[in-house]
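Dropping model-v4.cif in here (mmCIF, C-alpha atoms):
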```cif
data_work
loop_
_atom_site.group_PDB
_atom_site.id
_atom_site.type_symbol
_atom_site.label_atom_id
_atom_site.label_comp_id
_atom_site.auth_asym_id
_atom_site.auth_seq_id
_atom_site.Cartn_x
_atom_site.Cartn_y
_atom_site.Cartn_z
ATOM 1 C CA PRO A 3 -34.036 78.595 71.738
ATOM 2 C CA ALA A 4 -33.496 82.330 71.382
ATOM 3 C CA VAL A 5 -33.991 83.867 67.929
ATOM 4 C CA THR A 6 -31.042 85.902 66.653
ATOM 5 C CA ILE A 7 -31.603 88.474 63.912
ATOM 6 C CA SER A 8 -28.252 89.361 62.377
ATOM 7 C CA ASP A 9 -28.815 90.295 58.718
ATOM 8 C CA ALA A 10 -32.176 91.881 58.021
ATOM 9 C CA VAL A 11 -35.821 92.207 58.974
ATOM 10 C CA LYS A 12 -38.637 91.791 56.466
ATOM 11 C CA LEU A 13 -42.314 92.517 57.047
ATOM 12 C CA GLN A 14 -44.848 91.356 54.478
ATOM 13 C CA ALA A 15 -48.621 91.381 54.118
ATOM 14 C CA SER A 16 -50.888 90.045 51.374
ATOM 15 C CA LEU A 17 -54.488 90.778 50.461
ATOM 16 C CA GLY A 18 -56.619 88.582 48.218
ATOM 17 C CA MET A 19 -58.693 90.509 45.694
ATOM 18 C CA THR A 20 -61.022 87.825 44.360
ATOM 19 C CA SER A 21 -63.691 87.940 47.083
ATOM 20 C CA GLY A 22 -65.268 90.319 49.571
ATOM 21 C CA HIS A 23 -65.456 94.074 49.212
ATOM 22 C CA VAL A 24 -62.203 94.301 47.252
ATOM 23 C CA ALA A 25 -63.353 91.847 44.570
ATOM 24 C CA THR A 26 -64.858 94.671 42.519
ATOM 25 C CA VAL A 27 -61.596 96.600 42.610
ATOM 26 C CA GLY A 28 -59.627 93.472 41.743
ATOM 27 C CA LYS A 29 -61.867 92.746 38.779
ATOM 28 C CA TRP A 30 -61.701 96.341 37.610
ATOM 29 C CA ILE A 31 -57.881 96.472 37.578
ATOM 30 C CA GLY A 32 -57.439 92.810 36.606
ATOM 31 C CA ALA A 33 -55.604 91.814 39.794
ATOM 32 C CA THR A 34 -55.966 88.733 41.995
ATOM 33 C CA SER A 35 -53.888 89.797 45.021
ATOM 34 C CA LEU A 36 -51.933 92.675 46.527
ATOM 35 C CA THR A 37 -48.651 92.170 48.406
ATOM 36 C CA ALA A 38 -46.697 94.799 50.336
ATOM 37 C CA SER A 39 -43.339 94.291 52.045
ATOM 38 C CA ALA A 40 -40.620 96.250 53.823
ATOM 39 C CA LEU A 41 -37.003 95.050 54.126
ATOM 40 C CA PHE A 42 -34.221 96.549 56.271
ATOM 41 C CA HIS A 43 -30.574 95.379 56.180
ATOM 42 C CA PHE A 44 -28.658 95.890 59.421
ATOM 43 C CA ASP A 45 -25.140 95.777 57.980
ATOM 44 C CA SER A 46 -25.649 98.183 55.054
ATOM 45 C CA HIS A 47 -28.604 100.165 56.436
ATOM 46 C CA GLU A 48 -30.449 99.627 53.153
ATOM 47 C CA PHE A 49 -34.238 99.874 53.197
ATOM 48 C CA ARG A 50 -36.685 98.688 50.545
ATOM 49 C CA PHE A 51 -40.453 99.028 50.374
ATOM 50 C CA GLU A 52 -42.449 97.430 47.600
ATOM 51 C CA ALA A 53 -46.070 96.830 46.742
ATOM 52 C CA SER A 54 -47.080 94.548 43.890
ATOM 53 C CA ILE A 55 -50.208 93.025 42.409
ATOM 54 C CA ASP A 56 -50.654 89.681 40.685
ATOM 55 C CA ALA A 57 -52.216 90.690 37.407
ATOM 56 C CA ASP A 58 -53.597 89.075 34.284
ATOM 57 C CA TRP A 59 -53.285 91.738 31.635
ATOM 58 C CA SER A 60 -52.923 91.178 27.909
ATOM 59 C CA ILE A 61 -51.376 93.610 25.458
ATOM 60 C CA GLY A 62 -52.405 92.409 22.034
ATOM 61 C CA ARG A 63 -52.078 88.684 21.334
ATOM 62 C CA HIS A 64 -48.394 88.263 22.117
ATOM 63 C CA VAL A 65 -47.738 90.092 25.419
ATOM 64 C CA ALA A 66 -49.078 89.164 28.862
ATOM 65 C CA VAL A 67 -48.361 91.001 32.133
ATOM 66 C CA ARG A 68 -48.462 88.815 35.237
ATOM 67 C CA GLU A 69 -47.160 91.138 37.953
ATOM 68 C CA ALA A 70 -46.743 94.892 38.411
ATOM 69 C CA GLY A 71 -45.591 96.961 41.325
ATOM 70 C CA LEU A 72 -44.079 100.038 42.926
ATOM 71 C CA PHE A 73 -40.858 100.113 44.967
ATOM 72 C CA ILE A 74 -38.714 102.517 46.979
ATOM 73 C CA ASP A 75 -35.032 101.839 47.776
ATOM 74 C CA VAL A 76 -33.010 103.877 50.266
ATOM 75 C CA GLY A 77 -29.267 103.270 50.529
ATOM 76 C CA GLY A 78 -27.200 100.929 48.381
ATOM 77 C CA ARG A 79 -25.336 101.873 45.202
ATOM 78 C CA ALA A 80 -27.808 104.499 43.985
ATOM 79 C CA GLY A 81 -28.626 106.122 47.326
ATOM 80 C CA PHE A 82 -32.325 106.533 46.560
ATOM 81 C CA ASP A 83 -34.620 104.848 44.031
ATOM 82 C CA ILE A 84 -38.315 105.066 43.356
ATOM 83 C CA GLY A 85 -39.787 103.197 40.444
ATOM 84 C CA VAL A 86 -42.208 100.779 38.875
ATOM 85 C CA GLU A 87 -41.595 97.210 37.782
ATOM 86 C CA CYS A 88 -43.438 94.408 36.049
ATOM 87 C CA THR A 89 -43.118 90.782 34.984
ATOM 88 C CA LEU A 90 -44.312 89.990 31.492
ATOM 89 C CA PHE A 91 -44.211 87.233 28.888
ATOM 90 C CA VAL A 92 -43.797 87.720 25.150
ATOM 91 C CA GLN A 93 -44.692 85.123 22.527
ATOM 92 C CA VAL A 94 -42.024 85.255 19.799
ATOM 93 C CA GLY A 95 -42.965 82.042 17.970
ATOM 94 C CA SER A 96 -45.495 79.254 17.686
ATOM 95 C CA ARG A 97 -43.826 76.813 20.092
ATOM 96 C CA THR A 98 -44.177 76.772 23.871
ATOM 97 C CA SER A 99 -40.432 77.364 24.204
ATOM 98 C CA ASP A 100 -40.857 80.561 22.167
ATOM 99 C CA THR A 101 -42.454 82.334 25.144
ATOM 100 C CA LEU A 102 -39.914 84.668 26.734
ATOM 101 C CA GLY A 103 -40.212 85.952 30.285
ATOM 102 C CA PHE A 104 -38.952 89.403 31.267
ATOM 103 C CA HIS A 105 -38.699 91.449 34.435
ATOM 104 C CA GLY A 106 -38.427 95.172 33.827
ATOM 105 C CA ALA A 107 -38.044 98.214 36.042
ATOM 106 C CA LEU A 108 -38.041 101.960 35.457
ATOM 107 C CA MET A 109 -36.315 103.863 38.272
ATOM 108 C CA LEU A 110 -36.074 107.527 39.225
ATOM 109 C CA ARG A 111 -32.805 108.243 41.034
ATOM 110 C CA THR A 112 -31.194 111.370 42.391
ATOM 111 C CA THR A 113 -28.898 111.433 39.334
ATOM 112 C CA GLY A 114 -31.320 110.438 36.574
ATOM 113 C CA ILE A 115 -33.574 107.764 35.108
ATOM 114 C CA VAL A 116 -32.567 104.106 34.790
ATOM 115 C CA ALA A 117 -34.287 101.314 32.860
ATOM 116 C CA ASP A 118 -33.437 97.709 33.694
ATOM 117 C CA VAL A 119 -34.694 94.666 31.766
ATOM 118 C CA ALA A 120 -33.765 91.045 32.512
ATOM 119 C CA THR A 121 -34.919 87.761 31.013
ATOM 120 C CA THR A 122 -36.453 85.165 33.313
ATOM 121 C CA THR A 123 -36.533 82.311 30.773
ATOM 122 C CA PRO A 124 -34.012 81.000 28.213
ATOM 123 C CA TRP A 125 -34.358 82.021 24.568
ATOM 124 C CA TYR A 126 -33.948 78.997 22.310
ATOM 125 C CA GLN A 127 -32.776 79.519 18.722
ATOM 126 C CA PRO A 128 -32.786 83.341 18.878
ATOM 127 C CA PHE A 129 -33.361 84.926 15.468
ATOM 128 C CA GLY A 130 -33.521 81.407 13.990
ATOM 129 C CA LEU A 131 -29.962 80.417 14.988
ATOM 130 C CA LYS A 132 -30.097 76.643 15.497
ATOM 131 C CA GLY A 133 -28.321 75.213 18.516
ATOM 132 C CA VAL A 134 -28.014 78.632 20.182
ATOM 133 C CA VAL A 135 -29.525 79.454 23.580
ATOM 134 C CA LEU A 136 -29.426 82.833 25.334
ATOM 135 C CA GLY A 137 -30.111 82.993 29.060
ATOM 136 C CA ASN A 138 -29.795 85.228 32.117
ATOM 137 C CA THR A 139 -29.677 88.315 29.917
ATOM 138 C CA GLU A 140 -29.796 91.736 31.561
ATOM 139 C CA LEU A 141 -29.717 95.200 30.005
ATOM 140 C CA GLU A 142 -29.449 98.408 32.035
ATOM 141 C CA LEU A 143 -29.530 101.926 30.589
ATOM 142 C CA GLY A 144 -29.366 105.238 32.417
ATOM 143 C CA ILE A 145 -29.616 108.907 31.466
ATOM 144 C CA THR A 146 -29.292 112.053 33.548
ATOM 145 C CA TYR A 147 -32.106 114.566 33.855
ATOM 146 C CA ALA A 148 -30.132 116.690 31.389
ATOM 147 C CA GLY A 149 -30.494 113.925 28.796
ATOM 148 C CA GLU A 150 -26.868 112.750 28.903
ATOM 149 C CA PRO A 151 -25.884 109.042 29.047
ATOM 150 C CA ASP A 152 -25.352 107.938 32.625
ATOM 151 C CA LEU A 153 -24.594 104.212 32.584
ATOM 152 C CA PHE A 154 -24.764 101.143 30.379
ATOM 153 C CA GLY A 155 -24.718 97.519 31.415
ATOM 154 C CA PHE A 156 -25.187 94.259 29.538
ATOM 155 C CA SER A 157 -24.772 90.670 30.648
ATOM 156 C CA SER A 158 -25.792 87.367 29.096
ATOM 157 C CA ALA A 159 -25.055 83.659 29.085
ATOM 158 C CA LEU A 160 -24.632 81.854 25.767
ATOM 159 C CA THR A 161 -24.807 78.200 24.751
ATOM 160 C CA ILE A 162 -23.872 76.932 21.282
ATOM 161 C CA GLY A 163 -24.223 73.171 21.155
ATOM 162 C CA SER A 164 -21.893 71.865 23.854
ATOM 163 C CA VAL A 165 -20.068 75.186 24.235
ATOM 164 C CA THR A 166 -21.089 77.534 27.038
ATOM 165 C CA GLY A 167 -20.021 81.095 27.675
ATOM 166 C CA SER A 168 -20.945 84.464 29.100
ATOM 167 C CA ALA A 169 -20.267 88.158 28.528
ATOM 168 C CA THR A 170 -20.575 91.272 30.690
ATOM 169 C CA VAL A 171 -20.049 94.941 29.845
ATOM 170 C CA PHE A 172 -20.669 97.741 32.335
ATOM 171 C CA VAL A 173 -19.793 101.441 31.995
ATOM 172 C CA ASP A 174 -20.565 104.242 34.446
ATOM 173 C CA ALA A 175 -20.330 107.462 32.416
ATOM 174 C CA THR A 176 -20.111 109.611 35.542
ATOM 175 C CA ALA A 177 -17.021 107.675 36.687
ATOM 176 C CA PRO A 178 -15.329 106.190 33.577
ATOM 177 C CA GLU A 179 -12.925 104.154 35.705
ATOM 178 C CA ASP A 180 -15.943 102.177 36.932
ATOM 179 C CA THR A 181 -15.926 99.948 33.869
ATOM 180 C CA VAL A 182 -16.153 96.179 33.590
ATOM 181 C CA LEU A 183 -15.346 93.940 30.643
ATOM 182 C CA ALA A 184 -15.656 90.230 31.346
ATOM 183 C CA GLY A 185 -16.339 87.015 29.487
ATOM 184 C CA SER A 186 -15.867 83.275 29.496
ATOM 185 C CA LEU A 187 -15.991 80.306 27.120
ATOM 186 C CA SER A 188 -15.848 76.630 28.000
ATOM 187 C CA LYS A 189 -14.031 75.703 24.788
ATOM 188 C CA PHE A 190 -13.334 76.857 21.239
ATOM 189 C CA ASN A 191 -11.559 75.459 18.187
ATOM 190 C CA LEU A 192 -11.177 77.442 14.973
ATOM 191 C CA ALA A 193 -10.908 74.398 12.700
ATOM 192 C CA ASP A 194 -14.049 72.786 14.154
ATOM 193 C CA MET A 195 -16.012 76.000 13.739
ATOM 194 C CA LEU A 196 -14.950 76.445 10.102
ATOM 195 C CA GLU A 197 -15.715 72.809 9.306
ATOM 196 C CA LYS A 198 -19.262 73.230 10.634
ATOM 197 C CA LEU A 199 -19.762 76.430 8.653
ATOM 198 C CA THR A 200 -18.445 74.860 5.425
ATOM 199 C CA ASP A 201 -19.957 71.370 5.886
ATOM 200 C CA GLY A 202 -16.556 69.732 6.295
ATOM 201 C CA LYS A 203 -14.893 71.297 3.242
ATOM 202 C CA ILE A 204 -11.792 72.435 5.137
ATOM 203 C CA PRO A 205 -8.696 70.450 4.025
ATOM 204 C CA GLN A 206 -7.417 68.248 6.834
ATOM 205 C CA ALA A 207 -3.883 69.491 6.227
ATOM 206 C CA LEU A 208 -5.027 72.973 7.243
ATOM 207 C CA ALA A 209 -7.355 71.770 10.001
ATOM 208 C CA LYS A 210 -4.479 70.032 11.779
ATOM 209 C CA THR A 211 -1.909 72.827 11.347
ATOM 210 C CA VAL A 212 -2.650 76.482 10.587
ATOM 211 C CA LEU A 213 -6.297 76.314 11.675
ATOM 212 C CA ASP A 214 -5.656 74.169 14.745
ATOM 213 C CA VAL A 215 -6.202 77.034 17.192
ATOM 214 C CA GLY A 216 -8.273 76.454 20.290
ATOM 215 C CA PHE A 217 -8.620 76.671 24.034
ATOM 216 C CA THR A 218 -10.653 75.432 26.995
ATOM 217 C CA ASP A 219 -11.864 77.133 30.173
ATOM 218 C CA LEU A 220 -11.182 80.682 29.017
ATOM 219 C CA ALA A 221 -12.066 83.524 31.410
ATOM 220 C CA LEU A 222 -11.315 87.251 31.282
ATOM 221 C CA SER A 223 -12.186 90.043 33.716
ATOM 222 C CA VAL A 224 -11.064 93.679 33.505
ATOM 223 C CA ASN A 225 -11.936 96.285 36.143
ATOM 224 C CA PRO A 226 -9.596 99.321 36.029
ATOM 225 C CA SER A 227 -11.026 100.939 39.163
ATOM 226 C CA ASP A 228 -9.583 100.542 42.666
ATOM 227 C CA HIS A 229 -12.705 98.904 44.095
ATOM 228 C CA ALA A 230 -14.985 95.977 43.345
ATOM 229 C CA LEU A 231 -17.948 96.578 41.042
ATOM 230 C CA ARG A 232 -21.263 94.749 40.997
ATOM 231 C CA PHE A 233 -23.618 94.165 38.094
ATOM 232 C CA ASP A 234 -26.238 91.491 37.425
ATOM 233 C CA ASP A 235 -25.603 90.000 40.891
ATOM 234 C CA LYS A 236 -21.947 89.428 39.988
ATOM 235 C CA ILE A 237 -18.978 90.995 41.778
ATOM 236 C CA PHE A 238 -15.889 91.963 39.750
ATOM 237 C CA LYS A 239 -12.635 92.473 41.633
ATOM 238 C CA PRO A 240 -10.405 95.416 40.655
ATOM 239 C CA GLY A 241 -7.634 94.479 38.250
ATOM 240 C CA PHE A 242 -6.953 92.318 35.198
ATOM 241 C CA PHE A 243 -7.565 88.579 35.380
ATOM 242 C CA PHE A 244 -7.057 86.043 32.591
ATOM 243 C CA HIS A 245 -7.267 82.272 32.774
ATOM 244 C CA CYS A 246 -6.904 79.641 30.083
ATOM 245 C CA GLY A 247 -7.138 76.030 31.208
ATOM 246 C CA SER A 248 -5.464 74.782 28.030
ATOM 247 C CA PHE A 249 -4.609 76.105 24.585
ATOM 248 C CA VAL A 250 -3.279 74.852 21.269
ATOM 249 C CA LEU A 251 -1.736 77.064 18.581
ATOM 250 C CA TYR A 252 -1.274 75.795 15.023
ATOM 251 C CA GLY A 253 -1.095 72.220 16.267
ATOM 252 C CA LEU A 254 2.375 72.955 17.644
ATOM 253 C CA LEU A 255 2.202 74.903 20.895
ATOM 254 C CA LYS A 256 0.129 73.435 23.714
ATOM 255 C CA GLY A 257 -0.107 74.662 27.285
ATOM 256 C CA SER A 258 -2.015 76.774 29.801
ATOM 257 C CA ALA A 259 -1.882 80.342 31.113
ATOM 258 C CA GLU A 260 -3.006 82.383 34.105
ATOM 259 C CA VAL A 261 -2.453 86.117 34.588
ATOM 260 C CA ASP A 262 -3.626 88.053 37.674
ATOM 261 C CA ILE A 263 -2.860 91.762 37.980
ATOM 262 C CA ALA A 264 -4.764 92.792 41.081
ATOM 263 C CA THR A 265 -5.004 96.471 41.965
ATOM 264 C CA ARG A 266 -2.879 97.212 45.052
ATOM 265 C CA SER A 267 -2.120 93.507 45.482
ATOM 266 C CA GLY A 268 0.478 92.402 42.956
ATOM 267 C CA VAL A 269 1.176 90.533 39.750
ATOM 268 C CA PHE A 270 0.961 86.799 39.224
ATOM 269 C CA VAL A 271 1.763 85.087 35.913
ATOM 270 C CA ASN A 272 1.905 81.338 35.457
ATOM 271 C CA ALA A 273 2.207 79.989 31.904
ATOM 272 C CA THR A 274 3.285 76.539 30.771
ATOM 273 C CA VAL A 275 4.011 75.124 27.320
ATOM 274 C CA ASP A 276 4.314 71.425 26.564
ATOM 275 C CA PRO A 277 7.726 70.266 25.281
ATOM 276 C CA ILE A 278 8.387 70.860 21.584
ATOM 277 C CA HIS A 279 10.437 68.312 19.678
ATOM 278 C CA ILE A 280 10.830 68.666 15.900
ATOM 279 C CA GLY A 281 13.147 65.853 14.905
ATOM 280 C CA LYS A 282 16.762 66.874 15.441
ATOM 281 C CA VAL A 283 16.114 70.450 14.363
ATOM 282 C CA LEU A 284 14.458 71.899 17.475
ATOM 283 C CA SER A 285 13.904 70.706 21.006
ATOM 284 C CA VAL A 286 12.438 72.869 23.763
ATOM 285 C CA SER A 287 11.518 71.505 27.178
ATOM 286 C CA GLY A 288 11.802 72.108 30.903
ATOM 287 C CA VAL A 289 15.152 71.863 32.654
ATOM 288 C CA GLU A 290 14.242 68.762 34.667
ATOM 289 C CA ARG A 291 13.782 66.305 31.789
ATOM 290 C CA PRO A 292 12.902 66.280 28.069
ATOM 291 C CA SER A 293 9.253 65.559 28.879
ATOM 292 C CA ALA A 294 8.927 68.443 31.374
ATOM 293 C CA PRO A 295 6.913 71.518 30.282
ATOM 294 C CA VAL A 296 8.415 74.969 29.870
ATOM 295 C CA GLN A 297 7.154 77.279 32.627
ATOM 296 C CA LEU A 298 7.069 81.042 33.076
ATOM 297 C CA LEU A 299 6.327 82.091 36.662
ATOM 298 C CA ILE A 300 6.161 85.690 37.903
ATOM 299 C CA ASP A 301 4.901 86.387 41.409
ATOM 300 C CA VAL A 302 5.199 89.898 42.835
ATOM 301 C CA GLY A 303 2.900 90.182 45.813
ATOM 302 C CA GLY A 304 0.409 87.879 44.075
ATOM 303 C CA PRO A 305 -1.334 84.696 45.240
ATOM 304 C CA GLY A 306 1.992 83.008 45.884
ATOM 305 C CA HIS A 307 2.799 85.392 48.768
#
```
Could you quickly redo this structure as structure tokens?
Amino acid sequence: PAVTISDAVKLQASLGMTSGHVATVGKWIGATSLTASALFHFDSHEFRFEASIDADWSIGRHVAVREAGLFIDVGGRAGFDIGVECTLFVQVGSRTSDTLGFHGALMLRTTGIVADVATTTPWYQPFGLKGVVLGNTELELGITYAGEPDLFGFSSALTIGSVTGSATVFVDATAPEDTVLAGSLSKFNLADMLEKLTDGKIPQALAKTVLDVGFTDLALSVNPSDHALRFDDKIFKPGFFFHCGSFVLYGLLKGSAEVDIATRSGVFVNATVDPIHIGKVLSVSGVERPSAPVQLLIDVGGPGH
């Protein structure tokens, strides 16, 4: 059958450096192989050339470099990049799980210098915090050639026991509207958290009333610009988006909420609250029946249209 190339073309070549005439060079620089590749995207006209070596370098007793390279990017968000990158491992404790992997890059762009560091392995019990795991962490910092801040980006996933979450912050100083604030949590309960911190010393009367504040499946994304932004391989649509699968407030109000305010698209709000019945004093419910939830629905050019 015919071969169809629709996305990109990549050319790659590798050279072993452990035998032959290049063995001396490989031993001198501490490298086992050299790989060079060129990648061209048809749709975006982006081009990338990179050359890397598999290395075995040690910096002291706690840092090991396993790969280093040079790359050139033409096109894409930055327009033009030239830089160096490396993969390294840092021993932060005595256990095997205390070895952290990082991939770092230092880039020279037309507007300034950018440093990008990302973890390649999870970090268990960071700073001695039991039950906490950090993963998929990325930090990006940029400055102009005049020494002024250019951009800042941070993204990380977090696990605390059975609770998972994530956070992303991105700011482009040259275009302040290109800002992202996003986060998510699988669940949270204020009373449970305080009971764990105080070893169960919270009075149950408070735990089931005033402190009974929690939610599940919480997600927030804010992008005030008029176009999608990308950071850490995530795409953030323009607008304000909030989702809460379920919530409980003071042991009395229970429901769910979803708010979408999409730039140039519309507004969509859908919030429900379970019926409230307090003896013969107060009764709030939907119009259909006493057991029906109360609903607030606003749809102006939103998903409902």
Sort by chain and increasing residue number a table of all residues of range 221-280 of chain A within 12 Å of range 117-127 of chain A, each with its closest pair of atoms and their distance in Å to one decimal, counting all atoms listed in the file, and write it as a Markdown table.
```
| residue | atom | partner | partner_atom | distance |
| --- | --- | --- | --- | --- |
| A:Phe233 | CA | A:Asp118 | CA | 11.3 |
| A:Asp234 | CA | A:Ala120 | CA | 9.0 |
| A:Asp235 | CA | A:Ala120 | CA | 11.7 |
```
What are the closest atom pairs, with distances in Å to one decimal, for all residues of range 115-151 of chain A lying within 10 Å of range 166-180 of chain A? Consider all atoms listed in the file, order rows by chain and residue number, and present the result as JSON lines.
```
{"residue": "A:Val134", "atom": "CA", "partner": "A:Thr166", "partner_atom": "CA", "distance": 9.8}
{"residue": "A:Val135", "atom": "CA", "partner": "A:Thr166", "partner_atom": "CA", "distance": 9.3}
{"residue": "A:Leu136", "atom": "CA", "partner": "A:Ser168", "partner_atom": "CA", "distance": 9.4}
{"residue": "A:Gly137", "atom": "CA", "partner": "A:Ser168", "partner_atom": "CA", "distance": 9.3}
{"residue": "A:Asn138", "atom": "CA", "partner": "A:Ser168", "partner_atom": "CA", "distance": 9.4}
{"residue": "A:Thr139", "atom": "CA", "partner": "A:Ala169", "partner_atom": "CA", "distance": 9.5}
{"residue": "A:Glu140", "atom": "CA", "partner": "A:Thr170", "partner_atom": "CA", "distance": 9.3}
{"residue": "A:Leu141", "atom": "CA", "partner": "A:Val171", "partner_atom": "CA", "distance": 9.7}
{"residue": "A:Glu142", "atom": "CA", "partner": "A:Phe172", "partner_atom": "CA", "distance": 8.8}
{"residue": "A:Leu143", "atom": "CA", "partner": "A:Val173", "partner_atom": "CA", "distance": 9.8}
{"residue": "A:Gly144", "atom": "CA", "partner": "A:Asp174", "partner_atom": "CA", "distance": 9.1}
{"residue": "A:Ile145", "atom": "CA", "partner": "A:Ala175", "partner_atom": "CA", "distance": 9.4}
{"residue": "A:Thr146", "atom": "CA", "partner": "A:Thr176", "partner_atom": "CA", "distance": 9.7}
{"residue": "A:Glu150", "atom": "CA", "partner": "A:Ala175", "partner_atom": "CA", "distance": 9.1}
{"residue": "A:Pro151", "atom": "CA", "partner": "A:Ala175", "partner_atom": "CA", "distance": 6.7}
```
- request: Have a look at CA of Ala259 in chain A and CA of Lys239 in chain A and let me know their distance in Å, one decimal.
  value: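 Atom-to-atom, CA of Ala259 in chain A to CA of Lys239 in chain A, that is 19.3 Å.
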Grab all the atoms of range 65-78 of chain A that the file lists, wrap them in a box along x, y and z, add 6 Å per side, and give me centre plus edge lengths in Å (one decimal) as AutoDock Vina command-line options.
```
--center_x -38.1 --center_y 96.3 --center_z 38.0 --size_x 33.9 --size_y 27.1 --size_z 37.1
```
- prompt: With distances taken over only C-alpha atoms, which of A:Ala66, A:Ala159, A:Ala53, A:Ile61 is nearest to Thr101 in chain A?
  reply: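 Of A:Ala66, A:Ala159, A:Ala53, A:Ile61, the one nearest Thr101 in chain A, counting only C-alpha atoms, is A:Ala66.
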- request: Using all atoms listed in the file, find the one residue out of A:Ala10, A:Val27, A:Ala264, A:Ala107 that sits nearest to Arg50 in chain A.
  value: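 Smallest separation from Arg50 in chain A among the options: A:Ala10.
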